[in-house]
Amino acid sequence: MARFIYYNQNPDGQKKSDCVTRAISLATGLPYSTIRQKLHYTSKLYECPKLDVYCYCHLLDDVFKFQRVDCKGMSVGEFADKHNKGVFLVRMPQHISTIVNGDCIDIFDCRDYIITHSWKIT
């Protein structure tokens, strides 16, 4: 069964609306500031708000070229149970989280949320 592990990737330890930066930083192992900068450049390139789903999808799909994973109708917990090896990003309405070896790592427990997009981190 998928576990929830509290972890706040924000360098100042603040709980704020930075889930995109936190999750991608944790999943890729890249510094928080590097991801923030990549989101900024992606938003300029694609003329979109940097925290908008379409903007960070461009970053994940077109820049990092991460593989999309089927997640239709799955909750975060179900997805984590099924994909218990490797690192994944899972997007749900108005949030994105990181799954590492079947554990949901985030600042709140989102295992019951339904996923809309997911990526395997390579």
# chains A, B, ... in the order shown; residues from 1 in each chain; ligands from 1
>>> residues_around(residues="region 51-58 of chain A", least_positions_apart="2", cutoff="9 Å", atoms="only C-alpha atoms", output="list in words")
Asp18, Cys19, Val20, Thr21, Leu39, Thr42, Ser43, Tyr46, Glu47, Cys48, Pro49, Leu60, Asp61, Asp62, Val63, Phe64, Lys65, Arg91 and Gln94 of chain A
>>> write_last_selection(atoms="C-alpha atoms", output="mmCIF file, in the first residue's frame")
data_model
loop_
_atom_site.group_PDB
_atom_site.id
_atom_site.type_symbol
_atom_site.label_atom_id
_atom_site.label_comp_id
_atom_site.auth_asym_id
_atom_site.auth_seq_id
_atom_site.Cartn_x
_atom_site.Cartn_y
_atom_site.Cartn_z
ATOM 1 C CA ASP A 18 4.980 26.086 -5.456
ATOM 2 C CA CYS A 19 4.022 22.435 -5.955
ATOM 3 C CA VAL A 20 5.209 22.464 -9.569
ATOM 4 C CA THR A 21 8.709 23.580 -8.644
ATOM 5 C CA LEU A 39 9.855 27.136 -15.671
ATOM 6 C CA THR A 42 9.598 27.723 -20.644
ATOM 7 C CA SER A 43 6.898 30.302 -19.897
ATOM 8 C CA TYR A 46 5.659 29.133 -24.974
ATOM 9 C CA GLU A 47 4.076 32.402 -23.783
ATOM 10 C CA CYS A 48 2.224 30.779 -20.899
ATOM 11 C CA PRO A 49 2.034 31.316 -17.125
ATOM 12 C CA LEU A 60 8.234 17.803 -18.937
ATOM 13 C CA ASP A 61 7.285 16.629 -22.445
ATOM 14 C CA ASP A 62 9.382 18.794 -24.762
ATOM 15 C CA VAL A 63 12.419 19.825 -22.725
ATOM 16 C CA PHE A 64 13.018 16.864 -20.381
ATOM 17 C CA LYS A 65 11.257 14.451 -22.765
ATOM 18 C CA ARG A 91 -0.716 15.718 -11.864
ATOM 19 C CA GLN A 94 -4.541 22.175 -9.314
#
>>> residues_around(residues="Asp70 (chain A)", least_positions_apart="4", cutoff="10 Å", atoms="only C-alpha atoms", output="list in words")
Met74, Phe79, Ile115, Thr116, His117, Ser118 and Trp119 of chain A
>>> write_last_selection(atoms="N, CA, C and O atoms", output="short mmCIF file (atom, residue, chain, number, x, y, z; two decimals), in the first residue's frame")
data_model
loop_
_atom_site.label_atom_id
_atom_site.label_comp_id
_atom_site.auth_asym_id
_atom_site.auth_seq_id
_atom_site.Cartn_x
_atom_site.Cartn_y
_atom_site.Cartn_z
N MET A 74 -7.23 6.72 -12.31
CA MET A 74 -6.54 6.23 -11.11
C MET A 74 -6.36 7.34 -10.08
O MET A 74 -6.14 8.50 -10.43
N PHE A 79 -2.16 4.59 -8.32
CA PHE A 79 -1.03 4.72 -9.24
C PHE A 79 0.27 4.32 -8.54
O PHE A 79 1.07 3.57 -9.09
N ILE A 115 -5.78 11.35 -10.75
CA ILE A 115 -4.70 11.84 -11.61
C ILE A 115 -5.23 12.18 -13.00
O ILE A 115 -6.07 11.47 -13.55
N THR A 116 -4.68 13.26 -13.57
CA THR A 116 -5.02 13.63 -14.94
C THR A 116 -3.85 13.39 -15.90
O THR A 116 -4.06 13.17 -17.10
N HIS A 117 -2.61 13.48 -15.40
CA HIS A 117 -1.41 13.28 -16.21
C HIS A 117 -0.36 12.60 -15.32
O HIS A 117 -0.34 12.83 -14.11
N SER A 118 0.53 11.84 -15.94
CA SER A 118 1.64 11.26 -15.19
C SER A 118 2.83 11.06 -16.12
O SER A 118 2.67 10.86 -17.33
N TRP A 119 4.02 11.12 -15.52
CA TRP A 119 5.27 10.98 -16.28
C TRP A 119 6.22 10.09 -15.50
O TRP A 119 6.35 10.21 -14.29
#
>>> closest_residue(among="A:Leu59, A:Ser25, A:Ile121, A:Val100", to="Asp81 (chain A)", atoms="only C-alpha atoms")
A:Val100
>>> residues_around(residues="Glu78 (chain A)", least_positions_apart="2", cutoff="10 Å", atoms="only C-alpha atoms", output="ChimeraX atom specification")
/A:1-2,71,73-76,80-83,102,111-115
>>> write_last_selection(atoms="C-alpha atoms", output="short mmCIF file (atom, residue, chain, number, x, y, z; two decimals), in the first residue's frame")
data_model
loop_
_atom_site.label_atom_id
_atom_site.label_comp_id
_atom_site.auth_asym_id
_atom_site.auth_seq_id
_atom_site.Cartn_x
_atom_site.Cartn_y
_atom_site.Cartn_z
CA MET A 1 0.00 0.00 0.00
CA ALA A 2 1.29 3.43 -0.96
CA CYS A 71 -3.17 6.87 -15.42
CA GLY A 73 -9.19 7.08 -13.69
CA MET A 74 -6.54 6.23 -11.11
CA SER A 75 -6.06 7.87 -7.75
CA VAL A 76 -2.55 8.85 -6.67
CA ALA A 80 1.68 4.50 -6.56
CA ASP A 81 0.68 0.92 -5.73
CA LYS A 82 0.83 -0.06 -9.40
CA HIS A 83 4.08 1.83 -10.11
CA GLY A 102 5.51 3.66 -4.53
CA ARG A 111 -3.36 9.71 -2.31
CA ASP A 112 -7.14 9.94 -2.80
CA TYR A 113 -6.94 12.55 -5.59
CA ILE A 114 -7.60 11.47 -9.19
CA ILE A 115 -4.70 11.84 -11.61
#
>>> closest_residue(among="A:Val69, A:Ile107, A:Leu89, A:Leu45", to="Gln9 (chain A)", atoms="only C-alpha atoms")
A:Ile107
>>> closest_residue(among="A:Phe108, A:Gly29, A:Lys44, A:Lys120", to="Lys15 (chain A)", atoms="only C-alpha atoms")
A:Phe108
>>> closest_residue(among="A:Ile105, A:Ile99, A:Ala23, A:Met92", to="Ile35 (chain A)", atoms="only C-alpha atoms")
A:Ala23
>>> atom_distance(atom1="CA of Tyr6 (chain A)", atom2="CA of Lys72 (chain A)")
25.5 Å
>>> residues_around(residues="Phe4 (chain A)", least_positions_apart="3", cutoff="7 Å", atoms="only C-alpha atoms", output="list in words")
Asp103, Cys104, Ile105 and Asp109 of chain A
>>> closest_residue(among="A:Asn84, A:Thr98, A:Gln37, A:Thr122", to="Asn8 (chain A)", atoms="only C-alpha atoms")
A:Thr98
>>> closest_residue(among="A:Gly86, A:His95, A:Leu30, A:Asp106", to="Ser17 (chain A)", atoms="only C-alpha atoms")
A:His95
>>> atom_distance(atom1="CA of Asn101 (chain A)", atom2="CA of Arg22 (chain A)")
17.6 Å
